[in-house]
Each structure stands twice: as C-alpha cells, then as structure tokens.
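Visitor: Have a peek at protein_24.cif (mmCIF, C-alpha atoms and all ligand atoms).
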```cif
data_upload
loop_
_atom_site.group_PDB
_atom_site.id
_atom_site.type_symbol
_atom_site.label_atom_id
_atom_site.label_comp_id
_atom_site.auth_asym_id
_atom_site.auth_seq_id
_atom_site.Cartn_x
_atom_site.Cartn_y
_atom_site.Cartn_z
ATOM 1 C CA MET A 1 50.019 -38.819 -39.414
ATOM 2 C CA ASN A 2 53.404 -37.853 -40.823
ATOM 3 C CA GLU A 3 56.265 -36.823 -38.558
ATOM 4 C CA GLN A 4 56.184 -33.151 -39.589
ATOM 5 C CA LEU A 5 52.497 -32.790 -38.876
ATOM 6 C CA ALA A 6 52.900 -34.579 -35.554
ATOM 7 C CA SER A 7 55.522 -32.063 -34.421
ATOM 8 C CA LEU A 8 53.412 -29.157 -35.674
ATOM 9 C CA LYS A 9 50.436 -30.386 -33.675
ATOM 10 C CA GLU A 10 52.307 -29.400 -30.491
ATOM 11 C CA HIS A 11 51.595 -25.784 -31.455
ATOM 12 C CA GLU A 12 47.837 -26.252 -31.636
ATOM 13 C CA ILE A 13 45.723 -24.333 -29.123
ATOM 14 C CA THR A 14 42.308 -25.719 -28.268
ATOM 15 C CA GLY A 15 39.562 -23.499 -29.631
ATOM 16 C CA ALA A 16 42.073 -21.191 -31.333
ATOM 17 C CA ILE A 17 44.491 -23.028 -33.623
ATOM 18 C CA VAL A 18 44.077 -26.275 -35.552
ATOM 19 C CA ILE A 19 46.955 -27.481 -37.737
ATOM 20 C CA SER A 20 46.193 -29.853 -40.587
ATOM 21 C CA PRO A 21 46.911 -30.412 -44.274
ATOM 22 C CA GLY A 22 45.348 -27.628 -46.327
ATOM 23 C CA GLN A 23 45.065 -27.250 -50.080
ATOM 24 C CA GLY A 24 47.666 -29.273 -51.931
ATOM 25 C CA GLY A 25 48.315 -31.108 -48.665
ATOM 26 C CA LEU A 26 50.385 -28.147 -47.441
ATOM 27 C CA PRO A 27 50.495 -27.608 -43.652
ATOM 28 C CA ARG A 28 47.933 -24.992 -42.659
ATOM 29 C CA LEU A 29 46.997 -23.244 -39.412
ATOM 30 C CA LEU A 30 43.274 -22.642 -39.054
ATOM 31 C CA ILE A 31 42.790 -19.787 -36.580
ATOM 32 C CA THR A 32 39.596 -18.894 -34.761
ATOM 33 C CA THR A 33 39.213 -15.854 -32.496
ATOM 34 C CA PRO A 34 36.094 -14.299 -30.935
ATOM 35 C CA ALA A 35 36.199 -11.640 -33.689
ATOM 36 C CA SER A 36 37.507 -13.418 -36.779
ATOM 37 C CA THR A 37 38.965 -16.407 -38.556
ATOM 38 C CA ALA A 38 42.199 -16.734 -40.506
ATOM 39 C CA GLU A 39 44.360 -19.264 -42.311
ATOM 40 C CA ILE A 40 48.143 -19.324 -42.526
ATOM 41 C CA TYR A 41 50.173 -21.753 -44.635
ATOM 42 C CA LEU A 42 53.760 -22.573 -43.659
ATOM 43 C CA HIS A 43 54.444 -22.384 -47.396
ATOM 44 C CA GLY A 44 55.622 -18.801 -47.793
ATOM 45 C CA ALA A 45 54.350 -17.962 -44.266
ATOM 46 C CA HIS A 46 51.327 -17.121 -46.344
ATOM 47 C CA VAL A 47 48.217 -15.642 -44.754
ATOM 48 C CA THR A 48 45.544 -16.767 -47.188
ATOM 49 C CA THR A 49 42.407 -15.847 -45.269
ATOM 50 C CA PHE A 50 41.321 -13.206 -42.802
ATOM 51 C CA GLN A 51 37.621 -12.579 -42.216
ATOM 52 C CA LYS A 52 35.931 -10.666 -39.438
ATOM 53 C CA ASN A 53 32.706 -12.145 -38.129
ATOM 54 C CA GLY A 54 29.782 -10.530 -40.016
ATOM 55 C CA GLU A 55 31.945 -9.147 -42.816
ATOM 56 C CA PRO A 56 32.924 -10.482 -46.257
ATOM 57 C CA PRO A 57 36.477 -11.895 -46.442
ATOM 58 C CA LEU A 58 39.023 -9.076 -46.113
ATOM 59 C CA LEU A 59 41.730 -10.921 -48.051
ATOM 60 C CA TRP A 60 41.136 -12.081 -51.623
ATOM 61 C CA MET A 61 42.233 -15.449 -52.975
ATOM 62 C CA SER A 62 42.207 -16.574 -56.598
ATOM 63 C CA ALA A 63 40.140 -19.668 -57.294
ATOM 64 C CA GLU A 64 42.967 -20.629 -59.653
ATOM 65 C CA SER A 65 45.744 -20.385 -57.073
ATOM 66 C CA LEU A 66 48.319 -23.153 -56.952
ATOM 67 C CA PHE A 67 49.253 -24.760 -53.644
ATOM 68 C CA ALA A 68 52.465 -26.546 -54.481
ATOM 69 C CA PRO A 69 56.117 -26.525 -53.408
ATOM 70 C CA GLY A 70 58.079 -23.941 -55.352
ATOM 71 C CA LYS A 71 54.951 -22.177 -56.574
ATOM 72 C CA ALA A 72 53.558 -18.864 -55.263
ATOM 73 C CA ILE A 73 50.090 -18.781 -53.754
ATOM 74 C CA ARG A 74 47.892 -16.261 -55.605
ATOM 75 C CA GLY A 75 46.122 -13.963 -53.191
ATOM 76 C CA GLY A 76 46.193 -13.357 -49.436
ATOM 77 C CA VAL A 77 49.487 -11.815 -48.324
ATOM 78 C CA PRO A 78 52.556 -12.940 -50.291
ATOM 79 C CA VAL A 79 55.720 -12.131 -48.305
ATOM 80 C CA CYS A 80 58.036 -10.705 -50.937
ATOM 81 C CA PHE A 81 61.658 -10.892 -49.731
ATOM 82 C CA PRO A 82 64.621 -10.285 -50.233
ATOM 83 C CA TRP A 83 63.719 -8.616 -53.536
ATOM 84 C CA PHE A 84 60.612 -7.163 -55.205
ATOM 85 C CA GLY A 85 59.663 -7.726 -58.848
ATOM 86 C CA PRO A 86 61.478 -9.708 -61.516
ATOM 87 C CA LYS A 87 65.143 -10.768 -61.187
ATOM 88 C CA ALA A 88 67.183 -12.448 -63.917
ATOM 89 C CA GLY A 89 67.581 -16.161 -63.258
ATOM 90 C CA ALA A 90 65.618 -16.019 -60.009
ATOM 91 C CA PRO A 91 61.973 -16.156 -58.924
ATOM 92 C CA ALA A 92 59.990 -12.917 -59.069
ATOM 93 C CA HIS A 93 59.474 -11.274 -55.662
ATOM 94 C CA GLY A 94 62.188 -13.356 -54.001
ATOM 95 C CA TYR A 95 62.277 -16.856 -52.535
ATOM 96 C CA ALA A 96 60.549 -16.255 -49.166
ATOM 97 C CA ARG A 97 57.067 -16.834 -50.607
ATOM 98 C CA LEU A 98 58.228 -20.092 -52.222
ATOM 99 C CA THR A 99 59.868 -21.509 -49.104
ATOM 100 C CA GLU A 100 58.309 -23.523 -46.275
ATOM 101 C CA TRP A 101 58.833 -21.481 -43.113
ATOM 102 C CA ASN A 102 59.333 -23.023 -39.674
ATOM 103 C CA LEU A 103 56.613 -22.611 -37.052
ATOM 104 C CA ALA A 104 58.436 -21.077 -34.081
ATOM 105 C CA ALA A 105 55.610 -20.325 -31.645
ATOM 106 C CA THR A 106 51.895 -19.824 -31.189
ATOM 107 C CA SER A 107 49.966 -18.108 -28.407
ATOM 108 C CA ALA A 108 46.483 -16.972 -27.479
ATOM 109 C CA ALA A 109 45.930 -13.845 -25.354
ATOM 110 C CA PRO A 110 43.179 -13.611 -22.694
ATOM 111 C CA ASP A 111 41.166 -11.409 -25.099
ATOM 112 C CA GLY A 112 41.270 -14.202 -27.683
ATOM 113 C CA ARG A 113 43.819 -12.659 -30.033
ATOM 114 C CA VAL A 114 46.071 -15.331 -31.563
ATOM 115 C CA THR A 115 49.729 -14.770 -32.419
ATOM 116 C CA VAL A 116 51.780 -17.002 -34.734
ATOM 117 C CA ARG A 117 55.540 -16.605 -35.120
ATOM 118 C CA LEU A 118 57.134 -18.074 -38.236
ATOM 119 C CA ARG A 119 60.838 -18.218 -39.067
ATOM 120 C CA LEU A 120 62.478 -18.390 -42.483
ATOM 121 C CA PRO A 121 65.004 -21.230 -42.674
ATOM 122 C CA GLU A 122 68.516 -19.775 -42.749
ATOM 123 C CA ASN A 123 71.368 -20.578 -45.116
ATOM 124 C CA LEU A 124 69.017 -21.579 -47.884
ATOM 125 C CA GLU A 125 70.937 -23.091 -50.781
ATOM 126 C CA GLY A 126 71.958 -20.464 -53.327
ATOM 127 C CA VAL A 127 70.499 -17.653 -51.248
ATOM 128 C CA PRO A 128 72.807 -14.656 -50.888
ATOM 129 C CA TYR A 129 71.395 -13.675 -47.526
ATOM 130 C CA THR A 130 72.366 -14.552 -43.972
ATOM 131 C CA GLY A 131 70.282 -13.382 -41.057
ATOM 132 C CA SER A 132 67.175 -14.279 -39.187
ATOM 133 C CA VAL A 133 63.820 -13.427 -40.691
ATOM 134 C CA GLU A 134 60.636 -13.826 -38.692
ATOM 135 C CA PHE A 135 57.034 -13.151 -39.629
ATOM 136 C CA ILE A 136 54.676 -12.526 -36.732
ATOM 137 C CA VAL A 137 50.940 -12.570 -37.393
ATOM 138 C CA THR A 138 48.386 -11.463 -34.795
ATOM 139 C CA VAL A 139 44.756 -12.272 -35.529
ATOM 140 C CA GLY A 140 41.857 -10.588 -33.729
ATOM 141 C CA ASP A 141 39.486 -7.797 -34.650
ATOM 142 C CA THR A 142 42.360 -6.567 -36.812
ATOM 143 C CA LEU A 143 45.144 -8.389 -38.657
ATOM 144 C CA THR A 144 48.662 -7.337 -37.685
ATOM 145 C CA MET A 145 51.682 -8.599 -39.609
ATOM 146 C CA GLU A 146 55.319 -7.891 -38.763
ATOM 147 C CA LEU A 147 58.304 -8.870 -40.877
ATOM 148 C CA GLN A 148 61.389 -8.735 -38.664
ATOM 149 C CA VAL A 149 64.810 -8.954 -40.279
ATOM 150 C CA ASN A 150 67.838 -9.286 -38.000
ATOM 151 C CA ASN A 151 71.293 -9.080 -39.497
ATOM 152 C CA HIS A 152 73.319 -11.246 -37.167
ATOM 153 C CA SER A 153 76.089 -11.639 -39.732
ATOM 154 C CA THR A 154 79.364 -9.680 -39.806
ATOM 155 C CA GLU A 155 78.531 -7.973 -43.091
ATOM 156 C CA SER A 156 75.953 -5.349 -44.028
ATOM 157 C CA VAL A 157 72.934 -6.786 -45.790
ATOM 158 C CA THR A 158 70.660 -5.046 -48.285
ATOM 159 C CA PHE A 159 67.188 -6.263 -49.252
ATOM 160 C CA GLU A 160 63.760 -5.275 -50.496
ATOM 161 C CA GLU A 161 60.603 -6.408 -48.696
ATOM 162 C CA ILE A 162 56.890 -5.966 -49.199
ATOM 163 C CA LEU A 163 53.673 -7.521 -47.899
ATOM 164 C CA HIS A 164 51.864 -7.893 -51.201
ATOM 165 C CA THR A 165 48.321 -7.866 -49.796
ATOM 166 C CA TYR A 166 45.298 -8.765 -51.945
ATOM 167 C CA PHE A 167 42.002 -7.255 -50.732
ATOM 168 C CA THR A 168 38.469 -8.404 -51.580
ATOM 169 C CA VAL A 169 36.337 -5.658 -53.117
ATOM 170 C CA GLY A 170 32.777 -5.702 -54.439
ATOM 171 C CA ASP A 171 33.650 -4.124 -57.798
ATOM 172 C CA ILE A 172 37.048 -2.661 -58.714
ATOM 173 C CA ALA A 173 35.295 -0.040 -60.876
ATOM 174 C CA ALA A 174 33.373 1.286 -57.871
ATOM 175 C CA ILE A 175 36.065 1.518 -55.189
ATOM 176 C CA SER A 176 38.391 4.396 -54.370
ATOM 177 C CA VAL A 177 41.782 4.225 -52.657
ATOM 178 C CA LYS A 178 42.583 7.239 -50.490
ATOM 179 C CA GLY A 179 45.685 8.484 -48.700
ATOM 180 C CA LEU A 180 48.182 8.894 -51.502
ATOM 181 C CA HIS A 181 47.210 12.324 -52.833
ATOM 182 C CA GLY A 182 50.275 14.379 -53.682
ATOM 183 C CA VAL A 183 52.656 11.423 -53.385
ATOM 184 C CA HIS A 184 55.167 10.724 -56.160
ATOM 185 C CA TYR A 185 54.910 7.316 -57.766
ATOM 186 C CA LEU A 186 56.439 5.165 -60.479
ATOM 187 C CA ASP A 187 53.774 4.211 -62.981
ATOM 188 C CA LYS A 188 54.825 0.756 -64.190
ATOM 189 C CA VAL A 189 52.172 0.399 -66.903
ATOM 190 C CA GLY A 190 53.804 0.733 -70.351
ATOM 191 C CA GLY A 191 57.303 1.360 -69.005
ATOM 192 C CA THR A 192 58.235 3.215 -65.836
ATOM 193 C CA THR A 193 57.277 6.879 -65.514
ATOM 194 C CA LEU A 194 57.665 9.123 -62.482
ATOM 195 C CA LYS A 195 54.374 10.896 -61.732
ATOM 196 C CA THR A 196 52.613 12.691 -58.903
ATOM 197 C CA ASP A 197 49.202 11.585 -57.707
ATOM 198 C CA GLU A 198 47.041 14.681 -58.211
ATOM 199 C CA ASP A 199 43.724 12.931 -57.587
ATOM 200 C CA ASP A 200 41.774 12.971 -54.334
ATOM 201 C CA ALA A 201 41.601 9.176 -54.612
ATOM 202 C CA ILE A 202 42.745 6.400 -56.947
ATOM 203 C CA ARG A 203 39.951 5.002 -59.114
ATOM 204 C CA PHE A 204 40.363 2.078 -61.458
ATOM 205 C CA THR A 205 39.506 2.113 -65.168
ATOM 206 C CA ALA A 206 42.477 0.155 -66.552
ATOM 207 C CA GLU A 207 45.553 -1.862 -65.513
ATOM 208 C CA THR A 208 47.051 -0.055 -62.552
ATOM 209 C CA ASP A 209 50.559 -0.729 -61.253
ATOM 210 C CA ARG A 210 52.038 2.062 -59.146
ATOM 211 C CA VAL A 211 54.960 2.162 -56.731
ATOM 212 C CA TYR A 212 54.409 5.131 -54.385
ATOM 213 C CA LEU A 213 57.654 6.583 -53.095
ATOM 214 C CA ASP A 214 58.706 7.839 -49.649
ATOM 215 C CA THR A 215 55.295 7.508 -48.072
ATOM 216 C CA THR A 216 54.354 6.408 -44.580
ATOM 217 C CA HIS A 217 50.714 7.311 -45.151
ATOM 218 C CA THR A 218 47.804 5.230 -43.970
ATOM 219 C CA VAL A 219 45.709 4.134 -46.955
ATOM 220 C CA GLU A 220 41.961 3.473 -47.039
ATOM 221 C CA ILE A 221 39.906 1.471 -49.509
ATOM 222 C CA ALA A 222 36.311 2.745 -49.748
ATOM 223 C CA ASP A 223 34.052 0.010 -51.110
ATOM 224 C CA PRO A 224 30.471 1.218 -51.755
ATOM 225 C CA GLN A 225 29.248 -2.180 -52.973
ATOM 226 C CA LEU A 226 30.360 -4.129 -49.902
ATOM 227 C CA ARG A 227 29.651 -1.001 -47.850
ATOM 228 C CA ARG A 228 33.035 -1.369 -46.193
ATOM 229 C CA LEU A 229 35.984 0.848 -45.350
ATOM 230 C CA ILE A 230 39.345 -0.943 -45.165
ATOM 231 C CA ARG A 231 42.228 0.772 -43.399
ATOM 232 C CA ILE A 232 45.876 -0.093 -44.011
ATOM 233 C CA GLU A 233 48.237 1.353 -41.384
ATOM 234 C CA LYS A 234 51.958 0.701 -41.542
ATOM 235 C CA SER A 235 55.276 1.449 -39.862
ATOM 236 C CA GLY A 236 58.837 0.744 -40.988
ATOM 237 C CA SER A 237 57.695 1.157 -44.584
ATOM 238 C CA ALA A 238 58.467 3.857 -47.146
ATOM 239 C CA SER A 239 56.844 2.226 -50.189
ATOM 240 C CA THR A 240 53.201 1.539 -51.032
ATOM 241 C CA VAL A 241 52.275 -0.357 -54.197
ATOM 242 C CA VAL A 242 48.789 -0.275 -55.748
ATOM 243 C CA TRP A 243 47.973 -2.936 -58.350
ATOM 244 C CA ASN A 244 45.105 -4.280 -60.368
ATOM 245 C CA PRO A 245 45.992 -6.380 -63.439
ATOM 246 C CA TRP A 246 42.766 -5.569 -65.345
ATOM 247 C CA VAL A 247 41.868 -7.541 -68.481
ATOM 248 C CA ALA A 248 45.013 -8.463 -70.424
ATOM 249 C CA LYS A 249 47.254 -9.211 -67.441
ATOM 250 C CA SER A 250 44.504 -11.302 -65.808
ATOM 251 C CA LYS A 251 44.283 -13.427 -68.946
ATOM 252 C CA ALA A 252 48.065 -13.758 -69.046
ATOM 253 C CA MET A 253 48.291 -15.264 -65.552
ATOM 254 C CA ALA A 254 47.517 -19.004 -65.374
ATOM 255 C CA ASP A 255 46.758 -18.795 -61.650
ATOM 256 C CA PHE A 256 44.378 -15.849 -61.978
ATOM 257 C CA GLY A 257 40.848 -16.129 -63.377
ATOM 258 C CA ASP A 258 40.154 -13.955 -66.408
ATOM 259 C CA GLU A 259 37.319 -12.121 -64.628
ATOM 260 C CA GLU A 260 38.730 -12.164 -61.125
ATOM 261 C CA TYR A 261 40.221 -8.675 -61.377
ATOM 262 C CA HIS A 262 36.765 -7.231 -60.768
ATOM 263 C CA GLN A 263 36.838 -8.360 -57.130
ATOM 264 C CA MET A 264 40.360 -7.564 -55.971
ATOM 265 C CA VAL A 265 42.878 -4.816 -55.443
ATOM 266 C CA CYS A 266 46.419 -4.995 -54.086
ATOM 267 C CA VAL A 267 47.637 -2.353 -51.649
ATOM 268 C CA GLU A 268 51.126 -3.442 -50.663
ATOM 269 C CA SER A 269 53.324 -2.052 -47.885
ATOM 270 C CA GLY A 270 57.097 -2.407 -47.741
ATOM 271 C CA ASN A 271 60.436 -1.001 -48.815
ATOM 272 C CA VAL A 272 61.317 -1.459 -52.490
ATOM 273 C CA GLY A 273 63.534 0.106 -55.146
ATOM 274 C CA ALA A 274 65.399 3.148 -53.822
ATOM 275 C CA ALA A 275 63.772 2.485 -50.422
ATOM 276 C CA GLN A 276 65.544 -0.876 -50.110
ATOM 277 C CA THR A 277 66.907 -1.500 -46.620
ATOM 278 C CA THR A 278 70.554 -1.892 -45.616
ATOM 279 C CA LEU A 279 71.212 -3.289 -42.149
ATOM 280 C CA ALA A 280 74.639 -3.026 -40.576
ATOM 281 C CA PRO A 281 75.867 -6.105 -38.676
ATOM 282 C CA GLY A 282 73.821 -6.690 -35.536
ATOM 283 C CA VAL A 283 71.011 -4.362 -36.614
ATOM 284 C CA ALA A 284 67.361 -5.407 -37.019
ATOM 285 C CA ASN A 285 64.293 -3.772 -38.516
ATOM 286 C CA THR A 286 60.560 -4.421 -38.549
ATOM 287 C CA LEU A 287 58.026 -3.815 -41.296
ATOM 288 C CA LYS A 288 54.584 -3.669 -39.644
ATOM 289 C CA VAL A 289 51.135 -3.564 -41.226
ATOM 290 C CA VAL A 290 47.816 -3.362 -39.385
ATOM 291 C CA LEU A 291 44.646 -4.109 -41.376
ATOM 292 C CA SER A 292 41.290 -3.045 -39.989
ATOM 293 C CA SER A 293 37.838 -2.643 -41.481
ATOM 294 C CA ARG A 294 34.305 -1.570 -40.680
ATOM 295 C CA LEU A 295 30.960 -1.755 -42.424
ATOM 296 C CA VAL A 296 29.625 1.732 -43.239
HETATM 297 O O1 LIG B 301 53.105 -5.556 -56.969
HETATM 298 C C1 LIG B 301 52.654 -5.459 -58.294
HETATM 299 C C2 LIG B 301 53.449 -6.454 -59.142
HETATM 300 O O2 LIG B 301 54.826 -6.178 -59.073
HETATM 301 C C3 LIG B 301 52.913 -6.427 -60.569
HETATM 302 O O3 LIG B 301 53.841 -5.833 -61.453
HETATM 303 C C4 LIG B 301 52.652 -7.907 -60.866
HETATM 304 O O4 LIG B 301 53.814 -8.530 -61.377
HETATM 305 C C5 LIG B 301 52.282 -8.404 -59.474
HETATM 306 O O5 LIG B 301 53.263 -7.791 -58.632
HETATM 307 C C6 LIG B 301 52.170 -9.892 -59.293
HETATM 308 O O6 LIG B 301 53.423 -10.504 -59.374
HETATM 309 P P1 LIG B 301 53.453 -12.134 -59.294
HETATM 310 O O7 LIG B 301 54.903 -12.497 -59.439
HETATM 311 O O8 LIG B 301 52.897 -12.520 -57.951
HETATM 312 O O9 LIG B 301 52.580 -12.606 -60.405
#
```
Please express what this file holds, its structure, as structure tokens.
Guide:
Amino acid sequence: MNEQLASLKEHEITGAIVISPGQGGLPRLLITTPASTAEIYLHGAHVTTFQKNGEPPLLWMSAESLFAPGKAIRGGVPVCFPWFGPKAGAPAHGYARLTEWNLAATSAAPDGRVTVRLRLPENLEGVPYTGSVEFIVTVGDTLTMELQVNNHSTESVTFEEILHTYFTVGDIAAISVKGLHGVHYLDKVGGTTLKTDEDDAIRFTAETDRVYLDTTHTVEIADPQLRRLIRIEKSGSASTVVWNPWVAKSKAMADFGDEEYHQMVCVESGNVGAAQTTLAPGVANTLKVVLSSRLV
C-alpha cells in the first residue's frame, strides 16, 4: 500500500467509511450510512455518488467521465472555486475541482450520519488566493455540503463559488424545476440576455443555461418518471444556475455521452457574477446546500 493511502486509512470508520483507490486509482471514500451510500474523491473534494436506500441515485455521473489529475470529473458535485465559468489562460470553473484536497477529519454520529471534512491545500502555485477553504460533507438521509472560506490573510479577497450539482432524472423532457418563478436570470444560450422567469416551472425543450440572480429560494425538481421529488435548500447563496446541454453541447463534450443529457439536469447553488463574495481580513463565510428527496 502506498504511503498516502496508508495515512488516509487512519480516517476509516468501521462500517461507515472505507478508503481505497477508486476510478483512475484516485483516493476515494466509500461511505455507508443506515439511510444511504455515497462516494467522495479527494480529487476536487468531489462527491460523485449519493443514493438513498430504495431510491435511484440522486447524483448523476457521466459514463464518459475522466478520473485523472488535472482533469475535472463529469457529474456529481464539482466544487467550482474561486471563479465560475471560463477564464483566459486558466481552467474553467477554477482550480479547486482539479486539485487533490487534504482529508482533515471524518466522524460518524450515533444516528449513523457520516461527516467528512476536506481542506484545500493553501498557497497553491500560481493561485492568487490565500485563505483556508474547507468542504464539509454530511451523509445521511439527506446530503449536506458546506463550502467554508476563511480569509486569514491581511488583504480582502474576492471570489466566486458554486456547487455545480448534477442530478439524475428519468427524462429531462418530462421533469419540471420549481421555485424560480419571477426571478431574474441571465440566459447564457446564444449570448447573455437578462430575462425574468414568467413560468410556473422550468421545462426543458432545448439547451438551457440560466444564471438566476439574487435568489435564496429553495428549488424542487419534480420527476414523474422516477416518481421522485428532489429538494435543494441553500443558505449563504444568492445565485442558482440551471443547466442542461441538450444535443449539440453534449456532442461537443468528450467526457459527456451524446445521449446522456436525457437523464441529467444541473441545479447549482453558489455566488457568481455580480454576487461574487468579498471577505475582509479575518472574515469567513459558508455556502451551504442540503439535498433531500422522496418518492411520490
Ligand atoms: O453551470 C453551467 C455551465 O457554466 C455551462 O455553461 C457549461 O459550461 C457547464 O457549466 C459545464 O462546464 P464544464 O467546464 O464542467 O464543462
């Protein structure tokens, strides 16, 4: 066993957490609770799987995803930090999802819920950001994720952040996404246009890429085919992004199957664009998302 894996093994918890090489040989935590199972890779602090007992997987993963250093994992919950979207001469959605995070702590509560605390290495080469960034994942009947940024430098720091969550759906053409009625959004398909969501729910008939502005709303995904209602609650977040690549964009992504768009939708929670966060020295903030679901 290599040295890294040996030191990681100290964080295993009998019956709750097993740490072993996952896809691509990347270190992976396999989590089992009385209510669910989950997988977290140190690469990108990436939650790739969350599934409640008796339900289909809640998180969607592409069968074409790469699992390699310096490459993003396609699906699950990419942690996009300290920027969102493309950036000249830098990786899209920031470097956090391309970096191997440190495993800081693991714990199991008496009720079986498992908590994993991951820490982004500081002073990364060429990274214009100093501060501590931790990602805390709690697995149980629900999936709770908290991205905590603490500016312990002497300068203000400004960043974007989003948990770019991919959800499994039975058929994208049959689902509806509720909770954003009346909210302004930037429509990013064919340029960027400011619009207002006048519909009672979002339904999908084409590529959809929307950045909803100044919203703290809880969002629900109603899935008639899987007979499931998914609920996305958040705090410390003013932005919600809704995305499905549809046909052309699916074909254009090497790590995304041409027909996979039928079974996924992204509902992402964070602070992007004009909602970017500025922390004064010594100040911290937390982006928190709680995912729950029930069969209906
Ligand atoms: O959040 C939606 C989005 O910004 C889309 O525009 C699309 O680029 C998607 O993220 C996926 O980005 P990625 O870099 O992971 O391929």
Visitor: Please provide the set of residues having any atom within 9 Å of segment 91-105 of chain A, restricted to only C-alpha atoms, with same-chain residues fewer than 2 positions apart removed, written as number ranges by chain.
Guide: A: 8, 11, 41-46, 68-73, 78-89, 107, 115-121, 127, 134, 160-162
Visitor: Expanded to explicit residues, what is the PyMOL selection byres (((chain A and resi 210-222) around 6) and not hetatm) for this file, as a ChimeraX atom specification?
Guide: /A:175-179,184-188,209,223,229-233,238-242
Visitor: Write the residues you've just listed into a file as a CSV table (one decimal), keeping the file's coordinate frame, and include C-alpha atoms for each of them.
Guide:
```
chain,number,residue,atom,x,y,z
A,175,ILE,CA,36.1,1.5,-55.2
A,176,SER,CA,38.4,4.4,-54.4
A,177,VAL,CA,41.8,4.2,-52.7
A,178,LYS,CA,42.6,7.2,-50.5
A,179,GLY,CA,45.7,8.5,-48.7
A,184,HIS,CA,55.2,10.7,-56.2
A,185,TYR,CA,54.9,7.3,-57.8
A,186,LEU,CA,56.4,5.2,-60.5
A,187,ASP,CA,53.8,4.2,-63.0
A,188,LYS,CA,54.8,0.8,-64.2
A,209,ASP,CA,50.6,-0.7,-61.3
A,223,ASP,CA,34.1,0.0,-51.1
A,229,LEU,CA,36.0,0.8,-45.4
A,230,ILE,CA,39.3,-0.9,-45.2
A,231,ARG,CA,42.2,0.8,-43.4
A,232,ILE,CA,45.9,-0.1,-44.0
A,233,GLU,CA,48.2,1.4,-41.4
A,238,ALA,CA,58.5,3.9,-47.1
A,239,SER,CA,56.8,2.2,-50.2
A,240,THR,CA,53.2,1.5,-51.0
A,241,VAL,CA,52.3,-0.4,-54.2
A,242,VAL,CA,48.8,-0.3,-55.7
```
Visitor: Which residue is closest to Pro56 of chain A? Choose from A:Val267, A:Val169, A:Ala275, A:Ala201 and count only C-alpha atoms.
Guide: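 Closest candidate: A:Val169.
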Visitor: Build an axis-aligned box that encloses every atom of ligand LIG 301 (chain B) listed in the file, pad it by 5 Å on each side, and report its centre and edge lengths in Å to one decimal, as lines of an AutoDock Vina configuration file.
Guide:
```
center_x = 53.5
center_y = -9.0
center_z = -59.2
size_x = 12.7
size_y = 17.1
size_z = 14.5
```
Visitor: Applying the PyMOL selection byres (((chain A and resi 196) around 7) and not hetatm) to the file I just gave you, which residues come out? Please list them as number ranges by chain.
Guide: A: 182-185, 195, 197-198
Visitor: I need the output of the PyMOL selection byres (((chain A and resi 293) around 9) and not hetatm) for this file as a VMD selection string; which residues are they?
Guide: chain A and resid 52 55 58 141 to 142 228 to 232 291 to 292 294 to 295
Visitor: Tell me, in Å to one decimal, how far atom CA of Ser156 of chain A is from atom C4 of ligand LIG 301 (chain B).
Guide: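 Going from atom CA of Ser156 of chain A over to atom C4 of ligand LIG 301 (chain B) covers 28.9 Å.
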Visitor: Near Val247 of chain A, within 10 Å and counting only C-alpha atoms, which residues show up once chain neighbours fewer than 4 positions away are dropped, as a PyMOL selection string?
Guide: chain A and resi 206-207+251-252+258-262
Visitor: I'd like the interatomic distance between atom CA of Asn285 of chain A and atom CA of Glu122 of chain A, to a tenth of an Å.
Guide: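 Separation of atom CA of Asn285 of chain A and atom CA of Glu122 of chain A: 17.1 Å.
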Visitor: Would you work out the distance separating atom CA of Ile40 of chain A from atom CA of Arg28 of chain A, expressed in Å to one decimal?
Guide: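 According to the coordinates, atom CA of Ile40 of chain A and atom CA of Arg28 of chain A are separated by 5.7 Å.
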Visitor: Please rebuild segment 87-91 of chain A with all heavy atoms and give the result as a PDB file, in the frame of the given file.
Guide:
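This went into result16.pdb:
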```
ATOM      1  N   LYS A  87      63.692 -10.742 -61.362  1.00  0.00           N
ATOM      2  CA  LYS A  87      65.143 -10.768 -61.187  1.00  0.00           C
ATOM      3  C   LYS A  87      65.678 -11.859 -62.119  1.00  0.00           C
ATOM      4  O   LYS A  87      65.194 -12.993 -62.073  1.00  0.00           O
ATOM      5  CB  LYS A  87      65.499 -11.089 -59.734  1.00  0.00           C
ATOM      6  CG  LYS A  87      66.973 -10.929 -59.361  1.00  0.00           C
ATOM      7  CD  LYS A  87      67.171 -11.328 -57.907  1.00  0.00           C
ATOM      8  CE  LYS A  87      68.598 -11.087 -57.455  1.00  0.00           C
ATOM      9  NZ  LYS A  87      68.828  -9.664 -57.098  1.00  0.00           N
ATOM     10  N   ALA A  88      66.670 -11.490 -62.919  1.00  0.00           N
ATOM     11  CA  ALA A  88      67.183 -12.448 -63.917  1.00  0.00           C
ATOM     12  C   ALA A  88      67.630 -13.740 -63.232  1.00  0.00           C
ATOM     13  O   ALA A  88      68.364 -13.706 -62.237  1.00  0.00           O
ATOM     14  CB  ALA A  88      68.355 -11.806 -64.650  1.00  0.00           C
ATOM     15  N   GLY A  89      67.135 -14.851 -63.743  1.00  0.00           N
ATOM     16  CA  GLY A  89      67.581 -16.161 -63.258  1.00  0.00           C
ATOM     17  C   GLY A  89      67.103 -16.508 -61.874  1.00  0.00           C
ATOM     18  O   GLY A  89      67.628 -17.431 -61.229  1.00  0.00           O
ATOM     19  N   ALA A  90      66.109 -15.761 -61.378  1.00  0.00           N
ATOM     20  CA  ALA A  90      65.618 -16.019 -60.009  1.00  0.00           C
ATOM     21  C   ALA A  90      64.105 -15.785 -59.985  1.00  0.00           C
ATOM     22  O   ALA A  90      63.553 -15.143 -60.875  1.00  0.00           O
ATOM     23  CB  ALA A  90      66.323 -15.089 -59.017  1.00  0.00           C
ATOM     24  N   PRO A  91      63.441 -16.295 -58.962  1.00  0.00           N
ATOM     25  CA  PRO A  91      61.973 -16.156 -58.924  1.00  0.00           C
ATOM     26  C   PRO A  91      61.542 -14.716 -58.656  1.00  0.00           C
ATOM     27  O   PRO A  91      62.158 -14.026 -57.822  1.00  0.00           O
ATOM     28  CB  PRO A  91      61.548 -17.074 -57.784  1.00  0.00           C
ATOM     29  CG  PRO A  91      62.749 -17.200 -56.920  1.00  0.00           C
ATOM     30  CD  PRO A  91      63.945 -17.080 -57.820  1.00  0.00           C
TER      31      PRO A  91
END
```
